[in-house]
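Engineer: Enclosed is the structure file coords.txt (compact mmCIF, C-alpha atoms and all ligand atoms).
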# COMPACT_ATOMS: atom_id res chain seq x y z
CA MET A 25 -12.57 -49.29 16.50
CA THR A 26 -10.25 -49.35 13.56
CA THR A 27 -7.64 -46.67 13.29
CA PRO A 28 -7.93 -44.76 10.05
CA SER A 29 -5.37 -45.84 7.52
CA PRO A 30 -2.39 -43.48 7.48
CA ALA A 31 -2.43 -43.79 3.69
CA TRP A 32 -5.11 -41.16 3.12
CA GLY A 33 -3.95 -38.33 5.23
CA PRO A 34 -2.19 -36.84 8.22
CA ASP A 35 -0.95 -39.35 10.72
CA PHE A 36 0.76 -37.47 13.46
CA ALA A 37 1.81 -40.59 15.36
CA ALA A 38 3.74 -41.79 12.30
CA LEU A 39 5.55 -38.49 12.08
CA GLU A 40 6.41 -38.54 15.79
CA ALA A 41 7.79 -42.04 15.47
CA VAL A 42 9.96 -41.24 12.45
CA ASP A 43 10.97 -37.65 13.18
CA PRO A 44 10.28 -36.34 16.67
CA GLN A 45 12.15 -33.11 15.92
CA ILE A 46 9.91 -32.06 13.04
CA ALA A 47 6.86 -33.38 14.90
CA GLN A 48 7.69 -31.08 17.79
CA LEU A 49 8.06 -28.12 15.44
CA LEU A 50 4.58 -28.76 14.05
CA LEU A 51 3.23 -28.57 17.59
CA ASP A 52 5.30 -25.46 18.31
CA GLU A 53 3.91 -23.72 15.25
CA ARG A 54 0.35 -24.64 16.20
CA ASP A 55 1.01 -23.19 19.65
CA ARG A 56 2.53 -20.04 18.15
CA LEU A 57 -0.61 -19.54 16.03
CA ASN A 58 -2.85 -20.19 19.01
CA SER A 59 -1.06 -17.86 21.40
CA GLY A 60 -0.76 -14.72 19.31
CA LEU A 61 -2.58 -12.44 16.89
CA GLN A 62 -1.77 -12.99 13.23
CA LEU A 63 -2.32 -9.71 11.41
CA ILE A 64 -0.15 -10.36 8.35
CA ALA A 65 -2.54 -9.32 5.57
CA SER A 66 -1.45 -12.16 3.26
CA GLU A 67 -1.96 -14.95 5.80
CA ASN A 68 -4.91 -17.04 6.85
CA PHE A 69 -5.74 -20.33 8.61
CA THR A 70 -6.71 -22.99 6.12
CA SER A 71 -9.29 -25.57 7.13
CA PRO A 72 -8.70 -29.10 8.47
CA ALA A 73 -10.31 -30.37 5.26
CA VAL A 74 -7.73 -28.55 3.13
CA LEU A 75 -4.92 -29.75 5.40
CA ALA A 76 -6.15 -33.34 4.99
CA ALA A 77 -6.00 -33.09 1.20
CA LEU A 78 -2.50 -31.58 1.46
CA GLY A 79 -1.25 -34.40 3.65
CA SER A 80 -2.51 -37.12 1.31
CA THR A 81 -1.21 -39.75 -1.11
CA LEU A 82 -2.03 -37.44 -4.01
CA SER A 83 1.40 -35.99 -3.30
CA ASN A 84 2.92 -39.04 -4.97
CA LYS A 85 1.51 -38.85 -8.45
CA TYR A 86 3.40 -37.54 -11.46
CA ALA A 87 0.83 -35.91 -13.71
CA GLU A 88 2.61 -33.67 -16.21
CA GLY A 89 0.00 -32.36 -18.61
CA TYR A 90 -3.70 -31.76 -18.06
CA PRO A 91 -6.70 -34.05 -17.33
CA GLY A 92 -7.07 -36.56 -20.16
CA ARG A 93 -3.77 -35.43 -21.73
CA ARG A 94 -1.01 -36.63 -19.38
CA TYR A 95 2.54 -37.73 -20.01
CA TYR A 96 2.18 -40.50 -17.38
CA GLY A 97 -0.13 -43.46 -16.83
CA GLY A 98 -2.21 -43.95 -13.72
CA CYS A 99 -3.64 -40.45 -13.74
CA GLU A 100 -7.32 -41.41 -13.82
CA VAL A 101 -7.87 -40.51 -10.16
CA VAL A 102 -5.92 -37.24 -10.07
CA ASP A 103 -7.60 -36.29 -13.37
CA GLU A 104 -10.92 -36.33 -11.55
CA ALA A 105 -9.56 -34.15 -8.74
CA GLU A 106 -8.20 -31.58 -11.17
CA ARG A 107 -11.40 -31.59 -13.27
CA LEU A 108 -13.47 -30.95 -10.14
CA GLY A 109 -11.20 -28.07 -9.20
CA ILE A 110 -11.32 -26.52 -12.67
CA GLU A 111 -15.13 -26.74 -12.80
CA ARG A 112 -15.44 -25.24 -9.33
CA ALA A 113 -13.11 -22.36 -10.22
CA LYS A 114 -15.01 -21.58 -13.43
CA GLU A 115 -18.32 -21.64 -11.58
CA LEU A 116 -17.13 -19.62 -8.58
CA PHE A 117 -15.49 -16.87 -10.63
CA GLY A 118 -17.74 -16.99 -13.70
CA ALA A 119 -14.62 -17.67 -15.74
CA GLU A 120 -14.27 -19.32 -19.14
CA HIS A 121 -11.10 -21.22 -18.22
CA ALA A 122 -9.09 -22.05 -15.10
CA ASN A 123 -5.65 -23.50 -14.42
CA LEU A 124 -5.00 -24.82 -10.90
CA GLN A 125 -1.40 -25.91 -11.44
CA PRO A 126 0.71 -22.82 -10.65
CA HIS A 127 2.83 -23.68 -7.61
CA SER A 128 2.51 -20.15 -6.21
CA GLY A 129 1.32 -16.66 -7.01
CA ALA A 130 4.72 -15.84 -8.48
CA SER A 131 4.54 -18.95 -10.68
CA ALA A 132 1.11 -17.90 -11.98
CA ASN A 133 2.56 -14.50 -12.85
CA ILE A 134 5.56 -16.05 -14.61
CA ALA A 135 3.10 -18.04 -16.72
CA ALA A 136 1.19 -14.89 -17.67
CA TYR A 137 4.40 -13.20 -18.82
CA GLY A 138 5.36 -16.38 -20.67
CA ALA A 139 2.01 -16.61 -22.45
CA PHE A 140 1.85 -13.06 -23.72
CA LEU A 141 5.34 -11.54 -23.88
CA GLN A 142 8.77 -11.99 -25.39
CA PRO A 143 11.90 -10.99 -23.45
CA GLY A 144 12.44 -7.25 -23.83
CA ASP A 145 8.74 -6.44 -24.21
CA THR A 146 7.28 -3.59 -22.20
CA VAL A 147 4.93 -4.07 -19.24
CA LEU A 148 3.19 -1.35 -17.26
CA ALA A 149 2.52 -2.14 -13.59
CA MET A 150 2.12 -0.58 -10.16
CA SER A 151 5.43 0.31 -8.54
CA LEU A 152 6.48 -1.83 -5.58
CA PRO A 153 7.02 1.04 -3.14
CA HIS A 154 3.49 2.25 -3.91
CA GLY A 155 1.91 -1.14 -3.25
CA GLY A 156 2.76 -3.36 -6.28
CA HIS A 157 4.63 -6.67 -6.13
CA LEU A 158 8.18 -7.92 -6.77
CA THR A 159 6.94 -9.84 -9.84
CA HIS A 160 5.57 -6.65 -11.39
CA GLY A 161 8.86 -5.56 -12.93
CA THR A 162 11.26 -4.94 -10.06
CA LYS A 163 14.95 -5.16 -10.92
CA VAL A 164 15.60 -8.09 -8.57
CA SER A 165 12.90 -10.25 -10.21
CA PHE A 166 12.74 -12.07 -13.56
CA SER A 167 10.06 -9.54 -14.46
CA GLY A 168 12.42 -6.58 -14.28
CA LYS A 169 15.50 -8.41 -15.57
CA TRP A 170 13.89 -9.88 -18.70
CA PHE A 171 11.22 -7.29 -19.47
CA ASN A 172 11.12 -3.55 -19.85
CA ALA A 173 9.00 -2.47 -16.91
CA VAL A 174 7.39 0.95 -16.60
CA HIS A 175 5.64 1.83 -13.34
CA TYR A 176 2.67 3.93 -12.32
CA GLY A 177 2.04 4.79 -8.69
CA VAL A 178 -0.40 6.51 -6.40
CA SER A 179 -1.07 10.23 -6.46
CA GLN A 180 0.37 12.16 -3.57
CA ASP A 181 -2.90 13.74 -2.51
CA THR A 182 -5.34 10.80 -2.64
CA GLU A 183 -2.69 8.10 -2.06
CA ASP A 184 -4.82 5.92 -4.36
CA ILE A 185 -3.85 4.68 -7.86
CA ASP A 186 -3.05 7.59 -10.17
CA TYR A 187 -5.20 6.59 -13.16
CA ASP A 188 -4.20 9.68 -15.15
CA GLN A 189 -0.53 8.80 -14.78
CA MET A 190 -1.25 5.18 -15.71
CA ARG A 191 -3.07 6.27 -18.88
CA ALA A 192 -0.34 8.73 -19.84
CA LEU A 193 2.40 6.11 -19.37
CA ALA A 194 0.42 3.59 -21.42
CA ARG A 195 0.06 6.07 -24.28
CA GLU A 196 3.74 6.96 -24.13
CA HIS A 197 5.23 3.45 -23.80
CA ARG A 198 2.61 1.28 -25.59
CA PRO A 199 3.09 -1.70 -23.20
CA LYS A 200 2.22 -5.17 -24.44
CA MET A 201 0.73 -5.98 -21.04
CA ILE A 202 -0.73 -3.83 -18.27
CA ILE A 203 -0.84 -5.25 -14.75
CA CYS A 204 -3.00 -4.09 -11.89
CA GLY A 205 -3.14 -5.41 -8.37
CA GLY A 206 -0.56 -5.47 -5.61
CA SER A 207 0.29 -6.33 -2.04
CA ALA A 208 -0.54 -3.13 -0.21
CA ILE A 209 -3.57 -1.57 -1.93
CA PRO A 210 -6.32 -0.86 0.60
CA ARG A 211 -8.84 0.43 -1.95
CA LEU A 212 -10.92 -1.16 -4.70
CA ILE A 213 -9.32 -1.07 -8.14
CA ASP A 214 -11.22 0.43 -11.09
CA PHE A 215 -10.88 -2.55 -13.46
CA ALA A 216 -13.04 -0.85 -16.12
CA ALA A 217 -10.57 2.04 -16.27
CA PHE A 218 -7.68 -0.37 -16.76
CA ARG A 219 -9.63 -2.26 -19.46
CA GLU A 220 -10.29 0.97 -21.32
CA VAL A 221 -6.62 1.92 -21.34
CA ALA A 222 -5.55 -1.61 -22.33
CA ASP A 223 -7.98 -1.52 -25.26
CA GLU A 224 -6.80 1.93 -26.31
CA VAL A 225 -3.14 0.89 -26.53
CA GLY A 226 -3.75 -2.72 -27.59
CA ALA A 227 -2.37 -4.29 -24.39
CA ILE A 228 -3.25 -7.49 -22.55
CA LEU A 229 -4.81 -6.75 -19.15
CA MET A 230 -3.50 -8.94 -16.35
CA VAL A 231 -5.08 -8.56 -12.92
CA ASP A 232 -2.93 -9.91 -10.11
CA ALA A 233 -5.68 -10.63 -7.59
CA ALA A 234 -3.42 -12.52 -5.15
CA HIS A 235 -4.54 -10.48 -2.18
CA PHE A 236 -8.20 -9.88 -2.79
CA ILE A 237 -9.50 -12.86 -4.83
CA GLY A 238 -11.03 -14.33 -1.67
CA LEU A 239 -13.16 -11.21 -1.26
CA VAL A 240 -14.26 -11.66 -4.88
CA ALA A 241 -15.05 -15.33 -4.25
CA GLY A 242 -17.13 -14.28 -1.25
CA LYS A 243 -18.99 -11.71 -3.38
CA ALA A 244 -17.88 -8.94 -1.03
CA ILE A 245 -16.15 -6.80 -3.69
CA PRO A 246 -16.49 -6.51 -7.51
CA SER A 247 -14.81 -9.12 -9.70
CA PRO A 248 -11.99 -8.39 -12.16
CA VAL A 249 -12.89 -11.48 -14.22
CA PRO A 250 -15.19 -9.75 -16.77
CA TYR A 251 -12.51 -7.14 -17.50
CA ALA A 252 -9.23 -9.04 -17.50
CA ASP A 253 -7.58 -11.20 -20.15
CA VAL A 254 -6.08 -13.15 -17.28
CA VAL A 255 -6.53 -13.03 -13.51
CA THR A 256 -3.68 -14.58 -11.52
CA PHE A 257 -3.85 -15.21 -7.81
CA THR A 258 -2.63 -17.07 -4.78
CA THR A 259 -4.90 -19.57 -3.08
CA HIS A 260 -3.66 -19.07 0.48
CA LYS A 261 -4.47 -15.44 1.30
CA VAL A 262 -8.09 -14.33 1.91
CA LEU A 263 -9.21 -17.32 -0.20
CA ARG A 264 -8.02 -19.55 2.68
CA GLY A 265 -6.90 -22.51 0.61
CA PRO A 266 -3.54 -24.29 0.48
CA ARG A 267 -0.35 -22.35 -0.30
CA GLY A 268 -0.34 -22.11 -4.08
CA GLY A 269 -1.35 -20.22 -7.21
CA MET A 270 -4.08 -20.32 -9.82
CA LEU A 271 -5.26 -18.40 -12.85
CA VAL A 272 -8.52 -17.87 -14.69
CA CYS A 273 -8.84 -16.41 -18.18
CA LYS A 274 -10.85 -15.93 -21.34
CA GLU A 275 -11.19 -19.04 -23.53
CA GLU A 276 -9.17 -17.36 -26.30
CA HIS A 277 -6.11 -17.35 -24.02
CA ALA A 278 -6.62 -20.81 -22.47
CA ALA A 279 -4.19 -22.73 -24.67
CA ALA A 280 -1.43 -20.12 -24.41
CA LEU A 281 -1.70 -19.92 -20.62
CA ASP A 282 -1.92 -23.69 -20.12
CA LYS A 283 1.23 -24.14 -22.22
CA ALA A 284 2.96 -21.36 -20.31
CA VAL A 285 2.23 -23.05 -16.95
CA PHE A 286 3.33 -26.44 -18.32
CA PRO A 287 5.70 -27.15 -19.99
CA MET A 288 7.13 -23.65 -20.33
CA MET A 289 7.50 -22.70 -16.64
CA GLN A 290 6.74 -25.75 -14.50
CA GLY A 291 7.11 -29.50 -14.47
CA GLY A 292 4.74 -31.91 -12.76
CA PRO A 293 1.83 -30.38 -10.86
CA LEU A 294 1.49 -30.85 -7.09
CA MET A 295 -1.66 -32.95 -7.22
CA HIS A 296 -2.20 -32.90 -3.45
CA ALA A 297 -2.17 -29.10 -3.67
CA VAL A 298 -4.48 -29.13 -6.71
CA ALA A 299 -6.93 -31.31 -4.76
CA ALA A 300 -6.64 -29.02 -1.74
CA LYS A 301 -7.39 -26.03 -4.01
CA ALA A 302 -10.53 -27.86 -5.17
CA VAL A 303 -11.58 -28.28 -1.52
CA ALA A 304 -10.97 -24.59 -0.81
CA LEU A 305 -13.03 -23.60 -3.88
CA ARG A 306 -15.91 -25.73 -2.62
CA GLU A 307 -15.67 -24.09 0.80
CA ALA A 308 -15.54 -20.63 -0.79
CA ALA A 309 -18.84 -21.25 -2.59
CA THR A 310 -20.80 -21.57 0.66
CA PRO A 311 -22.98 -18.92 2.36
CA GLU A 312 -20.68 -19.22 5.40
CA TYR A 313 -17.74 -18.11 3.31
CA HIS A 314 -19.74 -15.16 1.91
CA ASP A 315 -20.42 -14.08 5.50
CA TYR A 316 -16.73 -14.54 6.26
CA ALA A 317 -15.64 -12.32 3.34
CA ARG A 318 -17.98 -9.53 4.41
CA GLN A 319 -16.81 -9.83 8.02
CA VAL A 320 -13.15 -9.62 6.93
CA ILE A 321 -13.86 -6.19 5.43
CA ALA A 322 -16.02 -5.01 8.34
CA ASN A 323 -13.23 -6.04 10.72
CA ALA A 324 -10.56 -4.28 8.65
CA GLN A 325 -12.61 -1.10 8.60
CA THR A 326 -13.22 -1.20 12.36
CA LEU A 327 -9.56 -1.97 13.10
CA THR A 328 -8.41 0.84 10.80
CA ALA A 329 -10.77 3.42 12.31
CA ALA A 330 -9.71 2.45 15.82
CA LEU A 331 -6.00 2.70 14.95
CA ALA A 332 -6.66 6.08 13.30
CA ALA A 333 -8.34 7.33 16.46
CA GLU A 334 -5.11 6.58 18.33
CA GLY A 335 -2.80 8.44 15.97
CA MET A 336 -1.94 5.98 13.21
CA ARG A 337 -2.81 7.61 9.87
CA PRO A 338 -4.48 5.23 7.38
CA ILE A 339 -3.10 5.64 3.86
CA THR A 340 -6.02 6.78 1.59
CA GLY A 341 -7.98 7.51 4.77
CA GLY A 342 -9.22 3.96 5.29
CA THR A 343 -9.87 0.67 3.52
CA ASP A 344 -12.42 -1.11 1.29
CA THR A 345 -10.71 -4.46 1.65
CA HIS A 346 -9.04 -6.80 4.13
CA LEU A 347 -5.97 -4.68 4.76
CA ALA A 348 -4.81 -1.25 5.82
CA LEU A 349 -1.56 0.63 5.58
CA LEU A 350 -0.86 2.90 8.52
CA ASP A 351 1.56 5.81 8.58
CA LEU A 352 3.24 5.93 12.00
CA GLN A 353 5.18 9.15 11.58
CA GLY A 354 2.75 11.03 13.81
CA LEU A 355 3.62 8.68 16.67
CA GLY A 356 7.37 9.06 16.11
CA VAL A 357 7.79 5.29 15.57
CA THR A 358 9.23 3.61 12.47
CA GLY A 359 7.69 0.60 10.78
CA ALA A 360 10.64 -1.58 11.80
CA GLU A 361 10.30 -0.53 15.46
CA ALA A 362 6.56 -1.13 15.37
CA GLU A 363 6.98 -4.61 13.88
CA ALA A 364 9.53 -5.58 16.54
CA ARG A 365 7.56 -4.12 19.47
CA ALA A 366 4.27 -5.68 18.35
CA GLY A 367 6.08 -9.00 17.86
CA ALA A 368 7.40 -8.86 21.41
CA ALA A 369 3.77 -8.61 22.52
CA ARG A 370 2.74 -11.58 20.34
CA ILE A 371 1.07 -9.42 17.72
CA VAL A 372 2.44 -10.40 14.33
CA LEU A 373 2.29 -7.67 11.69
CA ASN A 374 4.73 -6.27 9.16
CA LYS A 375 6.52 -3.01 8.55
CA ASN A 376 5.59 -1.56 5.18
CA ALA A 377 6.74 1.33 3.04
CA ILE A 378 4.09 4.00 2.62
CA PRO A 379 3.80 5.96 -0.65
CA TYR A 380 6.56 8.60 -0.89
CA ASP A 381 8.19 7.09 2.20
CA PRO A 382 11.18 9.11 3.46
CA GLN A 383 12.65 5.94 5.08
CA PRO A 384 14.39 3.08 3.25
CA PRO A 385 12.23 -0.08 2.87
CA SER A 386 14.20 -1.88 5.60
CA VAL A 387 13.01 0.74 8.11
CA ALA A 388 9.76 2.04 6.53
CA SER A 389 7.36 4.58 8.00
CA GLY A 390 4.34 2.32 8.10
CA ILE A 391 2.83 -0.99 9.02
CA ARG A 392 0.40 -3.19 7.13
CA VAL A 393 -2.36 -5.01 8.99
CA GLY A 394 -4.95 -7.43 7.68
CA THR A 395 -7.92 -9.31 9.08
CA PRO A 396 -8.23 -12.60 7.13
CA ALA A 397 -6.72 -14.76 9.89
CA THR A 398 -8.37 -13.20 12.93
CA THR A 399 -11.74 -13.28 11.14
CA THR A 400 -11.30 -17.00 10.43
CA GLN A 401 -10.84 -17.38 14.20
CA GLY A 402 -14.28 -15.85 14.67
CA MET A 403 -13.25 -12.40 15.80
CA ASP A 404 -15.60 -9.48 15.26
CA GLU A 405 -15.71 -5.67 15.48
CA ALA A 406 -15.51 -5.64 19.29
CA ASP A 407 -12.35 -7.76 19.12
CA MET A 408 -10.91 -5.38 16.51
CA LYS A 409 -11.33 -2.41 18.84
CA ALA A 410 -9.51 -4.33 21.57
CA ILE A 411 -6.78 -5.36 19.13
CA ALA A 412 -6.27 -1.77 17.99
CA SER A 413 -5.64 -0.58 21.51
CA LEU A 414 -3.28 -3.50 22.18
CA ILE A 415 -1.33 -2.64 19.01
CA VAL A 416 -1.00 1.00 19.95
CA ARG A 417 0.09 0.21 23.51
CA ALA A 418 2.71 -2.27 22.30
CA VAL A 419 4.02 -0.04 19.53
CA THR A 420 4.27 3.19 21.50
CA ASP A 421 5.69 1.76 24.74
CA GLU A 422 8.16 -1.13 24.66
CA SER A 423 7.79 -1.75 28.39
CA GLN A 424 4.15 -2.77 27.80
CA ALA A 425 5.13 -5.95 25.91
CA PRO A 426 4.56 -8.47 28.74
CA ALA A 427 1.25 -6.92 29.79
CA VAL A 428 -0.01 -6.71 26.22
CA ALA A 429 1.12 -10.28 25.50
CA ALA A 430 -0.93 -11.48 28.49
CA GLU A 431 -4.02 -9.68 27.18
CA VAL A 432 -3.41 -11.10 23.71
CA ALA A 433 -3.29 -14.59 25.22
CA ASP A 434 -6.65 -13.98 26.94
CA LEU A 435 -8.19 -12.65 23.74
CA VAL A 436 -7.13 -15.61 21.58
CA ALA A 437 -7.73 -18.30 24.22
CA GLY A 438 -11.46 -18.35 23.50
CA LYS A 439 -11.00 -18.31 19.72
CA PRO A 440 -8.00 -20.49 18.87
CA ALA A 441 -6.79 -20.72 15.27
CA TYR A 442 -6.69 -24.51 15.58
CA PRO A 443 -8.59 -25.89 18.58
CA VAL A 444 -6.39 -28.40 20.40
C1 LIG B 501 1.47 -12.72 -2.54
C2 LIG B 501 1.53 -12.10 -3.89
C3 LIG B 501 2.14 -12.77 -4.97
C4 LIG B 501 3.04 -13.96 -4.81
O1 LIG B 501 2.55 -15.07 -4.27
P1 LIG B 501 3.55 -16.23 -3.81
O2 LIG B 501 2.63 -17.37 -3.61
O3 LIG B 501 4.23 -15.75 -2.59
O4 LIG B 501 4.50 -16.47 -4.92
C5 LIG B 501 2.05 -12.20 -6.23
N1 LIG B 501 1.40 -11.04 -6.42
C6 LIG B 501 0.84 -10.36 -5.40
C7 LIG B 501 0.16 -9.08 -5.69
C8 LIG B 501 0.90 -10.86 -4.11
O5 LIG B 501 0.35 -10.17 -3.11
Step by step, read the file and then write its structure as structure tokens.
Ligand SMILES: *Cc1c(COP(=O)(O)O)cnc(C)c1O

Structural biologist:
Amino acid sequence: MTTPSPAWGPDFAALEAVDPQIAQLLLDERDRLNSGLQLIASENFTSPAVLAALGSTLSNKYAEGYPGRRYYGGCEVVDEAERLGIERAKELFGAEHANLQPHSGASANIAAYGAFLQPGDTVLAMSLPHGGHLTHGTKVSFSGKWFNAVHYGVSQDTEDIDYDQMRALAREHRPKMIICGGSAIPRLIDFAAFREVADEVGAILMVDAAHFIGLVAGKAIPSPVPYADVVTFTTHKVLRGPRGGMLVCKEEHAAALDKAVFPMMQGGPLMHAVAAKAVALREAATPEYHDYARQVIANAQTLTAALAAEGMRPITGGTDTHLALLDLQGLGVTGAEAEARAGAARIVLNKNAIPYDPQPPSVASGIRVGTPATTTQGMDEADMKAIASLIVRAVTDESQAPAVAAEVADLVAGKPAYPV
């Protein structure tokens, strides 16, 4: 038996020998994942195949530029990896062009701003407290500091996107770019409505699909690609790839977006991450992944209904996607309390502002839960019902933490995130 060469991928023994402290932390994190429930809507468990590509020698290569047009020699191998990834992305999303180099979702968004806007230009996006994202024009982000951001929100009665308000603001402010998408939107987005408004006011339409692109890849929800000038996204949420960003766009915008990613906003690409994105795209094109995407939604709907039955009010009444926002005011618990109490019972979820929240964001009246990670573990609707009752017990009664944690351990023991 020959031992595999450590040159191509993860070699845990080498890490233990060089750095036992970090090696131990890797084991601790694996154990944390395996002993609790991960309900953070933006998290998932990427595959061993993706992890192997991430832990590879492709990390070493400087490859500023794009395949066939690099600023460094020796790029013939990484060129092939990036070409494979680009082709897979175009095929999977039916897109005219793809760029796999953005280091993160935020970096992909920075590139979209860079490609289409000048400092001071107006953008119209969903407000953060109603479910948008920091990079959609908040004051603490480049997007709000360097651009004039105008925000639409959700209507108070439906709690879903207020399309009338969005249209009215577009007509009034004539934004150069309109952004849809966000981090806490449980419902499908009407991309055609956004396209119509963008066309009417002559704006670029950017869809930030960070959260839901995996559901699109799995053909479980409609795609924004036919409607958008550019679709930006992360690769590590429902899509289940490595931590990173990506964008797809119309051919007419390809050159502008490529130049905005590099050299305008980034330096050398992370070629190990680009290769790992290519692996994830291949995995996402399989029938198994389609089943996964559908199960993610079925699980989210079952979890949401079960939480609703126990007094947590789902914003918009439910979900069409992988996540739900729950208003806890009826239970007399704040989002911050719920996050801490669930955490004490090994259920990891996050507090979240609800639309028109009377509490400050640091306290919040709601929680956000998502099913990408638990579904990757193989959990189904029956598990979701059990999880809902564990959440409610933990959140409403602090003294239940040890008992709930024990039941969580039983539940995850048979379906570990990473089998040991
Ligand atoms: C997660 C997210 C991002 C940012 O992704 P990072 O990889 O954390 O930079 C951007 N937009 C939306 C809507 C997101 O949900």

Engineer: Around the point (1.8, -6.4, 11.8) in the file's coordinates, collect all residues with an atom within 9 Å, using all atoms listed in the file, and return them as a ChimeraX atom specification.

Structural biologist: /A:62-65,362-363,366-367,371-375,391-394,415

Engineer: Using all atoms listed in the file, which residue out of A:Leu51, A:Ile134, A:Val147, A:Leu75 lies closest to ligand LIG 501 (chain B)?

Structural biologist: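 Closest to ligand LIG 501 (chain B) of all the choices is A:Ile134.
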
Engineer: Each residue of chain A with at least one atom at most 6 Å from ligand LIG 501 (chain B) should appear once, together with its nearest atom pair and the corresponding distance in Å (one decimal); atoms considered: all atoms listed in the file; ordering: chain, then increasing residue number; output as CSV.

Structural biologist:
residue,atom,partner,partner_atom,distance
A:Ser128,CA,B:LIG501,O2,3.8
A:Gly129,CA,B:LIG501,O1,3.4
A:Ala130,CA,B:LIG501,O4,3.6
A:His157,CA,B:LIG501,C7,5.1
A:Gly205,CA,B:LIG501,C7,5.6
A:Gly206,CA,B:LIG501,C7,3.7
A:Ser207,CA,B:LIG501,O5,4.0
A:Asp232,CA,B:LIG501,C7,5.5
A:Ala234,CA,B:LIG501,C8,4.7
A:His235,CA,B:LIG501,O5,5.0
A:Thr258,CA,B:LIG501,O2,5.4
A:Gly268,CA,B:LIG501,O2,5.6

Engineer: Restricting the calculation to only C-alpha atoms: of A:Ala113, A:Ile237, A:Val419, A:Ala299, which residue gets closest to Ala364 (chain A)?

Structural biologist: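 Among the listed residues, A:Val419 lies closest to Ala364 (chain A).
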
Engineer: Which residue gives the smallest distance to Ala136 (chain A) among A:Ala87, A:Val272, A:Val178, A:Ile213, with only C-alpha atoms counted?

Structural biologist: A:Val272

Engineer: Would you work out the distance separating CA of Gly390 (chain A) from CA of Cys204 (chain A), expressed in Å to one decimal?

Structural biologist: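 So the two atoms, CA of Gly390 (chain A) and CA of Cys204 (chain A), lie 22.2 Å apart.
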
Engineer: Between A:Gly354, A:Gly238, A:Pro153, A:Pro44, which is the closest to Phe117 (chain A) once you count all atoms listed in the file?

Structural biologist: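 Of the candidates, the smallest distance to Phe117 (chain A) is held by A:Gly238.
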
Engineer: For CA of Gly118 (chain A) and CA of Glu275 (chain A), quote the distance in Å rounded to one decimal.

Structural biologist: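 For CA of Gly118 (chain A) relative to CA of Glu275 (chain A), the distance reads 12.0 Å.
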
Engineer: Between A:Arg365, A:Ala280, A:Thr358, A:Thr420, which has the minimum distance to Pro384 (chain A) (counting all atoms listed in the file)?

Structural biologist: A:Thr358

Engineer: Any chance you could build region 276-287 of chain A out to N, CA and C atoms and write it as a CSV table (one decimal), keeping the file's coordinate frame?

Structural biologist:
chain,number,residue,atom,x,y,z
A,276,GLU,N,-10.1,-17.6,-25.2
A,276,GLU,CA,-9.2,-17.4,-26.3
A,276,GLU,C,-7.7,-17.5,-25.8
A,277,HIS,N,-7.5,-17.3,-24.5
A,277,HIS,CA,-6.1,-17.4,-24.0
A,277,HIS,C,-5.8,-18.7,-23.3
A,278,ALA,N,-6.8,-19.6,-23.3
A,278,ALA,CA,-6.6,-20.8,-22.5
A,278,ALA,C,-5.4,-21.6,-22.9
A,279,ALA,N,-5.3,-21.9,-24.2
A,279,ALA,CA,-4.2,-22.7,-24.7
A,279,ALA,C,-2.8,-22.1,-24.4
A,280,ALA,N,-2.7,-20.8,-24.6
A,280,ALA,CA,-1.4,-20.1,-24.4
A,280,ALA,C,-1.0,-20.2,-22.9
A,281,LEU,N,-2.0,-19.9,-22.1
A,281,LEU,CA,-1.7,-19.9,-20.6
A,281,LEU,C,-1.4,-21.3,-20.1
A,282,ASP,N,-2.2,-22.3,-20.6
A,282,ASP,CA,-1.9,-23.7,-20.1
A,282,ASP,C,-0.5,-24.1,-20.5
A,283,LYS,N,-0.1,-23.8,-21.8
A,283,LYS,CA,1.2,-24.1,-22.2
A,283,LYS,C,2.3,-23.4,-21.5
A,284,ALA,N,2.0,-22.2,-21.1
A,284,ALA,CA,3.0,-21.4,-20.3
A,284,ALA,C,3.2,-21.9,-18.9
A,285,VAL,N,2.1,-22.4,-18.3
A,285,VAL,CA,2.2,-23.0,-17.0
A,285,VAL,C,3.0,-24.3,-17.1
A,286,PHE,N,2.6,-25.2,-18.0
A,286,PHE,CA,3.3,-26.4,-18.3
A,286,PHE,C,3.3,-26.7,-19.8
A,287,PRO,N,4.3,-26.9,-20.5
A,287,PRO,CA,5.7,-27.2,-20.0
A,287,PRO,C,6.7,-26.0,-19.9
